[in-house]
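So this one's run-v2.cif, mmCIF, C-alpha atoms, pLDDT in the B column; chains and numbers go by the auth columns:
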data_final
loop_
_atom_site.group_PDB
_atom_site.id
_atom_site.type_symbol
_atom_site.label_atom_id
_atom_site.label_comp_id
_atom_site.label_asym_id
_atom_site.label_seq_id
_atom_site.Cartn_x
_atom_site.Cartn_y
_atom_site.Cartn_z
_atom_site.B_iso_or_equiv
_atom_site.auth_seq_id
_atom_site.auth_asym_id
ATOM 1 C CA MET A 1 -11.055 -65.763 -94.512 88.00 181 A
ATOM 2 C CA ASN A 2 -14.582 -67.096 -94.828 97.00 182 A
ATOM 3 C CA ILE A 3 -15.867 -68.186 -91.417 98.00 183 A
ATOM 4 C CA HIS A 4 -19.500 -69.122 -90.885 98.00 184 A
ATOM 5 C CA PRO A 5 -21.121 -67.133 -88.038 98.00 185 A
ATOM 6 C CA THR A 6 -22.150 -70.323 -86.203 98.00 186 A
ATOM 7 C CA ALA A 7 -18.551 -71.592 -85.952 98.00 187 A
ATOM 8 C CA ILE A 8 -17.028 -71.419 -82.461 98.00 188 A
ATOM 9 C CA ILE A 9 -13.391 -70.313 -82.573 98.00 189 A
ATOM 10 C CA ASP A 10 -11.164 -69.754 -79.575 98.00 190 A
ATOM 11 C CA PRO A 11 -9.388 -66.389 -79.831 98.00 191 A
ATOM 12 C CA GLU A 12 -6.056 -68.118 -79.174 98.00 192 A
ATOM 13 C CA ALA A 13 -6.352 -70.232 -82.335 98.00 193 A
ATOM 14 C CA LYS A 14 -3.986 -69.217 -85.147 98.00 194 A
ATOM 15 C CA ILE A 15 -5.697 -69.058 -88.536 98.00 195 A
ATOM 16 C CA ALA A 16 -3.859 -68.115 -91.734 98.00 196 A
ATOM 17 C CA GLU A 17 -5.204 -66.318 -94.801 98.00 197 A
ATOM 18 C CA GLY A 18 -7.680 -67.930 -97.166 98.00 198 A
ATOM 19 C CA VAL A 19 -9.151 -70.364 -94.632 98.00 199 A
ATOM 20 C CA GLU A 20 -12.803 -71.412 -94.862 98.00 200 A
ATOM 21 C CA ILE A 21 -14.627 -72.724 -91.781 98.00 201 A
ATOM 22 C CA GLY A 22 -18.133 -74.125 -92.126 98.00 202 A
ATOM 23 C CA PRO A 23 -21.236 -74.072 -89.915 98.00 203 A
ATOM 24 C CA TYR A 24 -21.062 -75.301 -86.310 98.00 204 A
ATOM 25 C CA SER A 25 -17.396 -76.261 -86.436 99.00 205 A
ATOM 26 C CA ILE A 26 -15.355 -75.837 -83.256 99.00 206 A
ATOM 27 C CA ILE A 27 -11.753 -74.612 -83.236 99.00 207 A
ATOM 28 C CA GLN A 28 -10.152 -74.812 -79.793 98.00 208 A
ATOM 29 C CA ALA A 29 -7.182 -72.934 -78.331 98.00 209 A
ATOM 30 C CA ASP A 30 -3.673 -74.018 -79.391 98.00 210 A
ATOM 31 C CA VAL A 31 -4.838 -74.882 -82.909 98.00 211 A
ATOM 32 C CA GLU A 32 -2.907 -73.743 -85.985 98.00 212 A
ATOM 33 C CA ILE A 33 -4.576 -73.699 -89.408 99.00 213 A
ATOM 34 C CA GLY A 34 -2.414 -73.051 -92.468 98.00 214 A
ATOM 35 C CA ALA A 35 -3.292 -70.989 -95.510 98.00 215 A
ATOM 36 C CA GLU A 36 -6.101 -72.018 -97.859 98.00 216 A
ATOM 37 C CA CYS A 37 -7.405 -74.810 -95.611 98.00 217 A
ATOM 38 C CA HIS A 38 -11.059 -75.745 -95.954 98.00 218 A
ATOM 39 C CA ILE A 39 -12.869 -76.879 -92.795 98.00 219 A
ATOM 40 C CA SER A 40 -16.386 -78.143 -93.469 98.00 220 A
ATOM 41 C CA SER A 41 -19.390 -78.220 -91.123 98.00 221 A
ATOM 42 C CA ASN A 42 -19.480 -79.803 -87.648 99.00 222 A
ATOM 43 C CA VAL A 43 -15.708 -80.375 -87.535 99.00 223 A
ATOM 44 C CA LEU A 44 -13.830 -80.362 -84.227 99.00 224 A
ATOM 45 C CA LEU A 45 -10.192 -79.257 -84.215 99.00 225 A
ATOM 46 C CA ALA A 46 -9.073 -79.887 -80.640 99.00 226 A
ATOM 47 C CA SER A 47 -6.148 -78.276 -78.841 98.00 227 A
ATOM 48 C CA GLY A 48 -2.807 -79.399 -80.249 98.00 228 A
ATOM 49 C CA THR A 49 -4.009 -79.714 -83.848 99.00 229 A
ATOM 50 C CA LYS A 50 -1.714 -78.248 -86.502 98.00 230 A
ATOM 51 C CA LEU A 51 -2.783 -78.120 -90.156 99.00 231 A
ATOM 52 C CA ALA A 52 -0.330 -77.258 -92.925 99.00 232 A
ATOM 53 C CA SER A 53 -1.574 -75.299 -95.943 98.00 233 A
ATOM 54 C CA GLY A 54 -4.233 -76.627 -98.287 99.00 234 A
ATOM 55 C CA VAL A 55 -5.723 -79.247 -95.972 99.00 235 A
ATOM 56 C CA LYS A 56 -9.363 -80.148 -96.621 99.00 236 A
ATOM 57 C CA ILE A 57 -11.452 -81.584 -93.782 99.00 237 A
ATOM 58 C CA PHE A 58 -14.977 -82.784 -94.480 99.00 238 A
ATOM 59 C CA HIS A 59 -18.137 -82.867 -92.364 98.00 239 A
ATOM 60 C CA GLY A 60 -18.002 -84.352 -88.888 98.00 240 A
ATOM 61 C CA ALA A 61 -14.283 -85.123 -88.660 99.00 241 A
ATOM 62 C CA VAL A 62 -12.646 -84.903 -85.218 99.00 242 A
ATOM 63 C CA ILE A 63 -8.940 -84.066 -85.111 99.00 243 A
ATOM 64 C CA GLY A 64 -6.513 -83.792 -82.196 98.00 244 A
ATOM 65 C CA THR A 65 -8.573 -85.192 -79.338 98.00 245 A
ATOM 66 C CA ALA A 66 -6.965 -86.950 -76.370 98.00 246 A
ATOM 67 C CA PRO A 67 -5.436 -90.395 -76.946 98.00 247 A
ATOM 68 C CA GLN A 68 -7.473 -93.499 -76.189 98.00 248 A
ATOM 69 C CA ASP A 69 -4.635 -94.763 -74.021 97.00 249 A
ATOM 70 C CA LEU A 70 -4.954 -95.366 -70.283 96.00 250 A
ATOM 71 C CA LYS A 71 -1.320 -94.289 -69.806 94.00 251 A
ATOM 72 C CA TYR A 72 -2.090 -90.806 -71.094 97.00 252 A
ATOM 73 C CA ALA A 73 -1.824 -88.358 -68.195 97.00 253 A
ATOM 74 C CA GLY A 74 -2.870 -85.105 -69.830 97.00 254 A
ATOM 75 C CA GLU A 75 0.559 -84.130 -71.172 97.00 255 A
ATOM 76 C CA LYS A 76 0.689 -81.499 -73.927 98.00 256 A
ATOM 77 C CA THR A 77 0.859 -83.308 -77.271 98.00 257 A
ATOM 78 C CA ALA A 78 -0.039 -82.660 -80.897 98.00 258 A
ATOM 79 C CA ALA A 79 -1.677 -83.969 -84.061 99.00 259 A
ATOM 80 C CA GLU A 80 -0.025 -82.669 -87.233 99.00 260 A
ATOM 81 C CA ILE A 81 -1.502 -82.857 -90.736 99.00 261 A
ATOM 82 C CA GLY A 82 0.660 -82.231 -93.827 99.00 262 A
ATOM 83 C CA GLU A 83 0.030 -80.038 -96.856 98.00 263 A
ATOM 84 C CA ASN A 84 -2.900 -80.766 -99.175 99.00 264 A
ATOM 85 C CA THR A 85 -4.079 -83.807 -97.264 99.00 265 A
ATOM 86 C CA VAL A 86 -7.787 -84.611 -97.561 99.00 266 A
ATOM 87 C CA ILE A 87 -9.667 -85.930 -94.524 99.00 267 A
ATOM 88 C CA ARG A 88 -13.141 -87.156 -95.344 99.00 268 A
ATOM 89 C CA GLU A 89 -16.334 -87.404 -93.310 98.00 269 A
ATOM 90 C CA PHE A 90 -16.227 -88.564 -89.680 98.00 270 A
ATOM 91 C CA CYS A 91 -12.504 -89.410 -89.563 99.00 271 A
ATOM 92 C CA THR A 92 -10.948 -89.343 -86.092 99.00 272 A
ATOM 93 C CA ILE A 93 -7.296 -88.566 -85.383 99.00 273 A
ATOM 94 C CA ASN A 94 -5.972 -88.614 -81.809 98.00 274 A
ATOM 95 C CA ARG A 95 -2.958 -86.608 -80.728 98.00 275 A
ATOM 96 C CA GLY A 96 0.180 -88.292 -79.322 98.00 276 A
ATOM 97 C CA THR A 97 1.249 -89.410 -75.875 98.00 277 A
ATOM 98 C CA SER A 98 4.509 -88.961 -73.990 97.00 278 A
ATOM 99 C CA ALA A 99 5.930 -91.810 -76.110 97.00 279 A
ATOM 100 C CA THR A 100 6.461 -89.482 -79.105 98.00 280 A
ATOM 101 C CA PHE A 101 4.357 -86.409 -78.228 98.00 281 A
ATOM 102 C CA LYS A 102 2.649 -86.254 -81.606 98.00 282 A
ATOM 103 C CA THR A 103 0.599 -88.065 -84.206 99.00 283 A
ATOM 104 C CA VAL A 104 1.609 -87.211 -87.775 99.00 284 A
ATOM 105 C CA VAL A 105 -0.224 -87.510 -91.086 99.00 285 A
ATOM 106 C CA GLY A 106 1.971 -86.552 -94.029 98.00 286 A
ATOM 107 C CA ALA A 107 1.354 -84.403 -97.097 99.00 287 A
ATOM 108 C CA ASN A 108 -0.964 -85.230 -100.000 99.00 288 A
ATOM 109 C CA CYS A 109 -2.673 -88.094 -98.176 99.00 289 A
ATOM 110 C CA LEU A 110 -6.288 -89.196 -98.573 99.00 290 A
ATOM 111 C CA LEU A 111 -8.107 -90.480 -95.497 99.00 291 A
ATOM 112 C CA MET A 112 -11.532 -91.698 -96.545 99.00 292 A
ATOM 113 C CA ALA A 113 -14.649 -91.652 -94.389 98.00 293 A
ATOM 114 C CA TYR A 114 -14.619 -93.128 -90.874 98.00 294 A
ATOM 115 C CA THR A 115 -10.888 -93.861 -90.739 98.00 295 A
ATOM 116 C CA HIS A 116 -9.268 -93.765 -87.296 98.00 296 A
ATOM 117 C CA VAL A 117 -5.649 -92.746 -86.741 99.00 297 A
ATOM 118 C CA ALA A 118 -4.626 -93.517 -83.162 98.00 298 A
ATOM 119 C CA HIS A 119 -2.078 -91.869 -80.877 98.00 299 A
ATOM 120 C CA ASP A 120 1.584 -91.676 -81.918 98.00 300 A
ATOM 121 C CA CYS A 121 0.960 -92.986 -85.440 99.00 301 A
ATOM 122 C CA ARG A 122 3.200 -91.809 -88.283 98.00 302 A
ATOM 123 C CA ILE A 123 1.738 -91.744 -91.773 99.00 303 A
ATOM 124 C CA GLY A 124 4.017 -90.821 -94.663 98.00 304 A
ATOM 125 C CA ASP A 125 3.262 -88.685 -97.718 99.00 305 A
ATOM 126 C CA TYR A 126 0.828 -89.785 -100.447 98.00 306 A
ATOM 127 C CA VAL A 127 -0.742 -92.536 -98.343 99.00 307 A
ATOM 128 C CA ILE A 128 -4.327 -93.596 -99.053 98.00 308 A
ATOM 129 C CA LEU A 129 -6.481 -95.044 -96.281 99.00 309 A
ATOM 130 C CA ALA A 130 -9.809 -96.302 -97.642 98.00 310 A
ATOM 131 C CA ASN A 131 -13.106 -96.145 -95.754 98.00 311 A
ATOM 132 C CA ALA A 132 -13.138 -97.310 -92.127 98.00 312 A
ATOM 133 C CA VAL A 133 -9.458 -98.245 -91.810 98.00 313 A
ATOM 134 C CA ASN A 134 -8.828 -98.509 -88.067 98.00 314 A
ATOM 135 C CA MET A 135 -5.384 -98.536 -86.525 98.00 315 A
ATOM 136 C CA GLY A 136 -3.983 -98.960 -83.046 98.00 316 A
ATOM 137 C CA GLY A 137 -1.358 -96.701 -81.548 98.00 317 A
ATOM 138 C CA HIS A 138 2.238 -96.349 -82.762 98.00 318 A
ATOM 139 C CA VAL A 139 1.533 -97.568 -86.305 98.00 319 A
ATOM 140 C CA GLU A 140 3.961 -96.368 -88.983 98.00 320 A
ATOM 141 C CA ILE A 141 2.967 -96.297 -92.654 99.00 321 A
ATOM 142 C CA GLU A 142 5.579 -95.321 -95.217 99.00 322 A
ATOM 143 C CA GLU A 143 4.955 -93.160 -98.272 98.00 323 A
ATOM 144 C CA TYR A 144 2.638 -94.206 -101.115 98.00 324 A
ATOM 145 C CA ALA A 145 1.118 -97.150 -99.251 98.00 325 A
ATOM 146 C CA ILE A 146 -2.546 -97.940 -99.928 98.00 326 A
ATOM 147 C CA ILE A 147 -4.726 -99.606 -97.296 98.00 327 A
ATOM 148 C CA GLY A 148 -8.062 -101.119 -98.354 98.00 328 A
ATOM 149 C CA GLY A 149 -11.389 -100.469 -96.704 98.00 329 A
ATOM 150 C CA MET A 150 -12.236 -101.739 -93.213 98.00 330 A
ATOM 151 C CA VAL A 151 -8.694 -102.987 -92.543 98.00 331 A
ATOM 152 C CA ALA A 152 -7.768 -103.320 -88.859 98.00 332 A
ATOM 153 C CA ILE A 153 -4.110 -102.574 -88.058 98.00 333 A
ATOM 154 C CA HIS A 154 -2.616 -103.794 -84.776 98.00 334 A
ATOM 155 C CA GLN A 155 -0.621 -101.372 -82.632 98.00 335 A
ATOM 156 C CA PHE A 156 3.130 -100.968 -83.300 98.00 336 A
ATOM 157 C CA ILE A 157 2.799 -102.247 -86.886 98.00 337 A
ATOM 158 C CA ASN A 158 5.035 -100.933 -89.684 98.00 338 A
ATOM 159 C CA ILE A 159 3.767 -100.885 -93.276 99.00 339 A
ATOM 160 C CA GLY A 160 6.312 -100.386 -96.047 99.00 340 A
ATOM 161 C CA ARG A 161 6.341 -97.860 -98.862 98.00 341 A
ATOM 162 C CA HIS A 162 4.484 -98.540 -102.121 98.00 342 A
ATOM 163 C CA SER A 163 2.696 -101.530 -100.597 98.00 343 A
ATOM 164 C CA MET A 164 -1.000 -102.267 -100.992 98.00 344 A
ATOM 165 C CA ILE A 165 -3.220 -104.151 -98.538 98.00 345 A
ATOM 166 C CA GLY A 166 -6.573 -105.445 -99.758 98.00 346 A
ATOM 167 C CA GLY A 167 -9.827 -104.596 -98.025 98.00 347 A
ATOM 168 C CA LEU A 168 -11.389 -106.348 -95.016 98.00 348 A
ATOM 169 C CA PHE A 169 -8.117 -107.885 -93.782 98.00 349 A
ATOM 170 C CA ARG A 170 -6.410 -107.797 -90.380 98.00 350 A
ATOM 171 C CA VAL A 171 -2.789 -106.679 -90.037 98.00 351 A
ATOM 172 C CA PRO A 172 -1.112 -108.382 -87.035 98.00 352 A
ATOM 173 C CA LYS A 173 2.479 -108.200 -88.372 98.00 353 A
ATOM 174 C CA ASP A 174 4.610 -105.792 -90.383 98.00 354 A
ATOM 175 C CA VAL A 175 3.918 -105.506 -94.126 99.00 355 A
ATOM 176 C CA PRO A 176 7.093 -105.040 -96.189 98.00 356 A
ATOM 177 C CA PRO A 177 7.499 -102.454 -98.964 99.00 357 A
ATOM 178 C CA TYR A 178 6.517 -102.784 -102.639 99.00 358 A
ATOM 179 C CA ILE A 179 4.162 -105.746 -102.207 98.00 359 A
ATOM 180 C CA LEU A 180 0.514 -106.766 -102.377 98.00 360 A
ATOM 181 C CA ALA A 181 -0.883 -108.284 -99.176 98.00 361 A
ATOM 182 C CA GLY A 182 -4.147 -110.102 -98.577 98.00 362 A
ATOM 183 C CA GLY A 183 -5.775 -113.202 -97.161 97.00 363 A
ATOM 184 C CA HIS A 184 -6.578 -114.657 -93.746 96.00 364 A
ATOM 185 C CA PRO A 185 -4.056 -114.648 -92.161 97.00 365 A
ATOM 186 C CA LEU A 186 -2.512 -111.768 -94.065 98.00 366 A
ATOM 187 C CA ARG A 187 0.207 -112.955 -96.450 98.00 367 A
ATOM 188 C CA TYR A 188 2.468 -111.907 -99.309 98.00 368 A
ATOM 189 C CA GLU A 189 0.618 -112.062 -102.642 98.00 369 A
ATOM 190 C CA GLY A 190 3.235 -110.718 -105.038 98.00 370 A
ATOM 191 C CA LEU A 191 4.665 -107.364 -106.015 98.00 371 A
ATOM 192 C CA ASN A 192 2.570 -104.218 -106.366 98.00 372 A
ATOM 193 C CA VAL A 193 3.570 -104.195 -110.025 98.00 373 A
ATOM 194 C CA ILE A 194 0.921 -101.800 -111.288 97.00 374 A
ATOM 195 C CA GLY A 195 1.629 -99.335 -108.480 98.00 375 A
ATOM 196 C CA LEU A 196 5.379 -99.481 -109.101 98.00 376 A
ATOM 197 C CA LYS A 197 4.915 -98.894 -112.830 98.00 377 A
ATOM 198 C CA ARG A 198 2.610 -95.951 -112.199 98.00 378 A
ATOM 199 C CA ARG A 199 5.214 -94.383 -109.922 98.00 379 A
ATOM 200 C CA GLY A 200 8.013 -94.659 -112.438 98.00 380 A
ATOM 201 C CA PHE A 201 9.969 -97.688 -111.241 98.00 381 A
ATOM 202 C CA GLU A 202 12.158 -98.892 -114.114 98.00 382 A
ATOM 203 C CA PRO A 203 12.223 -102.572 -115.207 98.00 383 A
ATOM 204 C CA ASP A 204 15.647 -103.124 -113.595 98.00 384 A
ATOM 205 C CA GLN A 205 14.383 -101.737 -110.286 98.00 385 A
ATOM 206 C CA ARG A 206 11.311 -103.985 -110.371 98.00 386 A
ATOM 207 C CA LYS A 207 13.446 -106.989 -111.317 98.00 387 A
ATOM 208 C CA ALA A 208 15.755 -106.469 -108.311 98.00 388 A
ATOM 209 C CA ILE A 209 12.774 -106.147 -105.959 98.00 389 A
ATOM 210 C CA LYS A 210 11.177 -109.273 -107.437 98.00 390 A
ATOM 211 C CA GLU A 211 14.372 -111.305 -106.976 98.00 391 A
ATOM 212 C CA ALA A 212 14.690 -110.219 -103.348 98.00 392 A
ATOM 213 C CA TYR A 213 11.141 -111.335 -102.607 98.00 393 A
ATOM 214 C CA ARG A 214 11.628 -114.576 -104.525 98.00 394 A
ATOM 215 C CA LEU A 215 14.347 -115.458 -102.048 98.00 395 A
ATOM 216 C CA LEU A 216 12.314 -114.285 -99.056 98.00 396 A
ATOM 217 C CA TYR A 217 8.987 -115.917 -99.927 98.00 397 A
ATOM 218 C CA GLN A 218 9.455 -118.469 -102.712 97.00 398 A
ATOM 219 C CA SER A 219 12.635 -120.320 -101.814 97.00 399 A
ATOM 220 C CA ASP A 220 13.484 -122.968 -99.241 97.00 400 A
ATOM 221 C CA LEU A 221 15.501 -120.433 -97.235 98.00 401 A
ATOM 222 C CA ASN A 222 14.353 -119.080 -93.902 98.00 402 A
ATOM 223 C CA THR A 223 14.261 -115.287 -93.502 97.00 403 A
ATOM 224 C CA SER A 224 17.786 -114.952 -92.081 97.00 404 A
ATOM 225 C CA GLN A 225 19.224 -117.149 -94.813 98.00 405 A
ATOM 226 C CA ALA A 226 17.318 -115.259 -97.505 98.00 406 A
ATOM 227 C CA ILE A 227 18.584 -111.913 -96.229 98.00 407 A
ATOM 228 C CA ALA A 228 22.152 -113.237 -96.221 98.00 408 A
ATOM 229 C CA LYS A 229 21.717 -114.483 -99.795 98.00 409 A
ATOM 230 C CA ILE A 230 20.290 -111.137 -100.919 98.00 410 A
ATOM 231 C CA LYS A 231 23.300 -109.356 -99.447 98.00 411 A
ATOM 232 C CA GLU A 232 25.585 -111.415 -101.697 97.00 412 A
ATOM 233 C CA GLY A 233 24.087 -109.772 -104.788 94.00 413 A
ATOM 234 C CA GLU A 234 23.719 -106.217 -106.032 92.00 414 A
ATOM 235 C CA ILE A 235 22.145 -103.984 -103.397 97.00 415 A
ATOM 236 C CA THR A 236 19.986 -101.374 -105.105 98.00 416 A
ATOM 237 C CA PRO A 237 18.382 -98.655 -102.956 98.00 417 A
ATOM 238 C CA GLU A 238 15.080 -100.540 -103.077 98.00 418 A
ATOM 239 C CA VAL A 239 16.672 -103.830 -102.059 98.00 419 A
ATOM 240 C CA LYS A 240 18.542 -102.111 -99.243 98.00 420 A
ATOM 241 C CA HIS A 241 15.239 -100.748 -97.962 98.00 421 A
ATOM 242 C CA ILE A 242 13.757 -104.271 -98.016 98.00 422 A
ATOM 243 C CA ILE A 243 16.723 -105.595 -96.027 98.00 423 A
ATOM 244 C CA ASP A 244 16.556 -102.759 -93.523 98.00 424 A
ATOM 245 C CA PHE A 245 12.788 -103.233 -93.114 98.00 425 A
ATOM 246 C CA PHE A 246 13.087 -106.938 -92.324 98.00 426 A
ATOM 247 C CA GLU A 247 16.043 -106.456 -89.975 98.00 427 A
ATOM 248 C CA ALA A 248 14.321 -103.649 -88.067 98.00 428 A
ATOM 249 C CA SER A 249 11.023 -105.498 -87.592 98.00 429 A
ATOM 250 C CA GLU A 250 10.105 -106.187 -83.982 97.00 430 A
ATOM 251 C CA ARG A 251 6.661 -107.717 -84.486 95.00 431 A
ATOM 252 C CA GLY A 252 7.733 -110.003 -87.320 97.00 432 A
ATOM 253 C CA VAL A 253 6.839 -109.695 -91.000 98.00 433 A
ATOM 254 C CA ILE A 254 3.865 -111.299 -92.751 98.00 434 A
#
Would you write out, as structure tokens, the structure that this file holds?
Amino acid sequence: MNIHPTAIIDPEAKIAEGVEIGPYSIIQADVEIGAECHISSNVLLASGTKLASGVKIFHGAVIGTAPQDLKYAGEKTAAEIGENTVIREFCTINRGTSATFKTVVGANCLLMAYTHVAHDCRIGDYVILANAVNMGGHVEIEEYAIIGGMVAIHQFINIGRHSMIGGLFRVPKDVPPYILAGGHPLRYEGLNVIGLKRRGFEPDQRKAIKEAYRLLYQSDLNTSQAIAKIKEGEITPEVKHIIDFFEASERGVI
């Protein structure tokens, strides 16, 4: 381990081999830091924070502090960060409430500077949050989604896998998987074709996704009718996920 002498570390914190902790960082009790993590200067890891191996946290980030939720009554909760995730300068991540008892950021994510992850959020693997993304509580973001800079995400929103939301937009409703979203109000702007190609989606897979969204967004059918029509055709795994996403939505879909 390489721990700077100015760092303040509670003796009850659990720190694995190969960890680096920079100047003036504070590690509270009930914190677990996995192997080969790098904690930069002036970082606060509050009680309930759990880092998997290989996490990198940059200057001034604050992880695992109490939820900004008036219902929170001091219950023991957690903030969990997955393997190899990078958390840049001045990010803030609150731990969970009694609703789910933890906030989770998956593996291999990139949270750019000044992002805020609120209580009880669930962020999947390989998600990218650009600078100053701010989310309310209970947001769920599926794997490989990309959120542009300074996007505001309403509480209880779900954002589907392999989707991409442009910068400076507001997200008041669920964003389905595999798409591009932008505009005021936020709307469907086509498939995330480049992202799907980069991640190995075959032409037949992309064609099935495109046909499903043609029925949902570019036909005269309402959402229920479009879903029924989609179910009459071939249901690939990707199309099934689209159907399930729409049917599970409680806030409505953009």
Q | Non-local contacts of Val199 (chain A) (8 Å; all atoms listed in the file; under 6 positions in same chain excluded) as a PyMOL selection string | A | chain A and resi 181-183+213-219
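Interatomic distance, CA of Gly362 (chain A) against CA of Phe381 (chain A): 22.7 Å.
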Q: Starting from the displayed file, determine the output of the PyMOL selection byres ((chain A and resi 300-307) around 8) and express the residue list as an MDAnalysis selection string.
A: chainID A and resid 262 275:277 279:290 297:299 308:309 317:326
Once you have the residues from the selection above, write them out as a CSV table (one decimal), in the frame of the given file, restricted to C-alpha atoms.
chain,number,residue,atom,x,y,z
A,262,GLY,CA,0.7,-82.2,-93.8
A,275,ARG,CA,-3.0,-86.6,-80.7
A,276,GLY,CA,0.2,-88.3,-79.3
A,277,THR,CA,1.2,-89.4,-75.9
A,279,ALA,CA,5.9,-91.8,-76.1
A,280,THR,CA,6.5,-89.5,-79.1
A,281,PHE,CA,4.4,-86.4,-78.2
A,282,LYS,CA,2.6,-86.3,-81.6
A,283,THR,CA,0.6,-88.1,-84.2
A,284,VAL,CA,1.6,-87.2,-87.8
A,285,VAL,CA,-0.2,-87.5,-91.1
A,286,GLY,CA,2.0,-86.6,-94.0
A,287,ALA,CA,1.4,-84.4,-97.1
A,288,ASN,CA,-1.0,-85.2,-100.0
A,289,CYS,CA,-2.7,-88.1,-98.2
A,290,LEU,CA,-6.3,-89.2,-98.6
A,297,VAL,CA,-5.6,-92.7,-86.7
A,298,ALA,CA,-4.6,-93.5,-83.2
A,299,HIS,CA,-2.1,-91.9,-80.9
A,308,ILE,CA,-4.3,-93.6,-99.1
A,309,LEU,CA,-6.5,-95.0,-96.3
A,317,GLY,CA,-1.4,-96.7,-81.5
A,318,HIS,CA,2.2,-96.3,-82.8
A,319,VAL,CA,1.5,-97.6,-86.3
A,320,GLU,CA,4.0,-96.4,-89.0
A,321,ILE,CA,3.0,-96.3,-92.7
A,322,GLU,CA,5.6,-95.3,-95.2
A,323,GLU,CA,5.0,-93.2,-98.3
A,324,TYR,CA,2.6,-94.2,-101.1
A,325,ALA,CA,1.1,-97.2,-99.3
A,326,ILE,CA,-2.5,-97.9,-99.9
Q: Give as a list in words every residue, naming chains and numbers as the document does, that has an atom within 8 Å of (-1.1, -70.5, -90.9), counting only C-alpha atoms.
A: Lys194, Ile195, Ala196, Glu197, Glu212, Ile213, Gly214, Ala215, Leu231, Ala232 and Ser233 of chain A
Q: Would you mind listing what lies within 10 Å of Gly228 (chain A) as a ChimeraX atom specification, with all atoms listed in the file counted and same-chain residues fewer than 6 positions away left out?
A: /A:208-212,243-246,256-260,274-276,282
Q: Tell me, in Å to one decimal, how far CA of Gly328 (chain A) is from CA of His364 (chain A).
A: 14.4 Å
Q) Do you know which residues are at most 6 Å from Ile206 (chain A) counting only C-alpha atoms, after dropping those on the same chain fewer than 6 positions away, and could you put them as a ChimeraX atom specification? A) /A:187-189,224
Q: Determine the residue set returned by the PyMOL selection byres ((chain A and resi 388) around 9) for the present structure, and present it as a ChimeraX atom specification.
A: /A:383-387,389-393,414-416,418-419
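Atom pair CA of Ile359 (chain A) / CA of Thr272 (chain A) has a distance of 27.5 Å (rounded to one decimal).
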Q: Have a look at A:Glu427, A:Ala253, A:Ile207, A:Val266 and name the one nearest to Pro191 (chain A); count only C-alpha atoms.
A: A:Ile207
Would you compute, for all listed atoms of region 381-397 of chain A, the axis-aligned bounding box grown by 3 Å on each side, and then report its centre and edge lengths in Å rounded to one decimal, as AutoDock Vina command-line options?
--center_x 12.4 --center_y -106.8 --center_z -107.1 --size_x 12.8 --size_y 24.2 --size_z 22.2
Q.
I need the residue nearest Leu225 (chain A) from this list: A:Asp424, A:Asp354, A:Asp190, A:Asp249. Use only C-alpha atoms for the distance.
A.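 That would be A:Asp190, the residue with the smallest distance to Leu225 (chain A).
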Q) So which one's closest to Arg367 (chain A), A:Val433, A:His239, A:Phe425, A:Cys271? Using only C-alpha atoms, please. A)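 Among the listed residues, A:Val433 lies closest to Arg367 (chain A).
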Q.
Show me, as a ChimeraX atom specification, the residues that have an atom within 9 Å of region 330-336 of chain A when counting all atoms listed in the file, minus same-chain residues fewer than 3 positions from it.
A. /A:295,298,301,310-320,327,345-354,430-431
**Q.** Counting only C-alpha atoms, the residue of A:Gly202, A:Ile423, A:Gly340, A:Leu291 that sits nearest Gln405 (chain A)
**A.**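 Looking only at the distances to Gln405 (chain A), the closest residue turns out to be A:Ile423.
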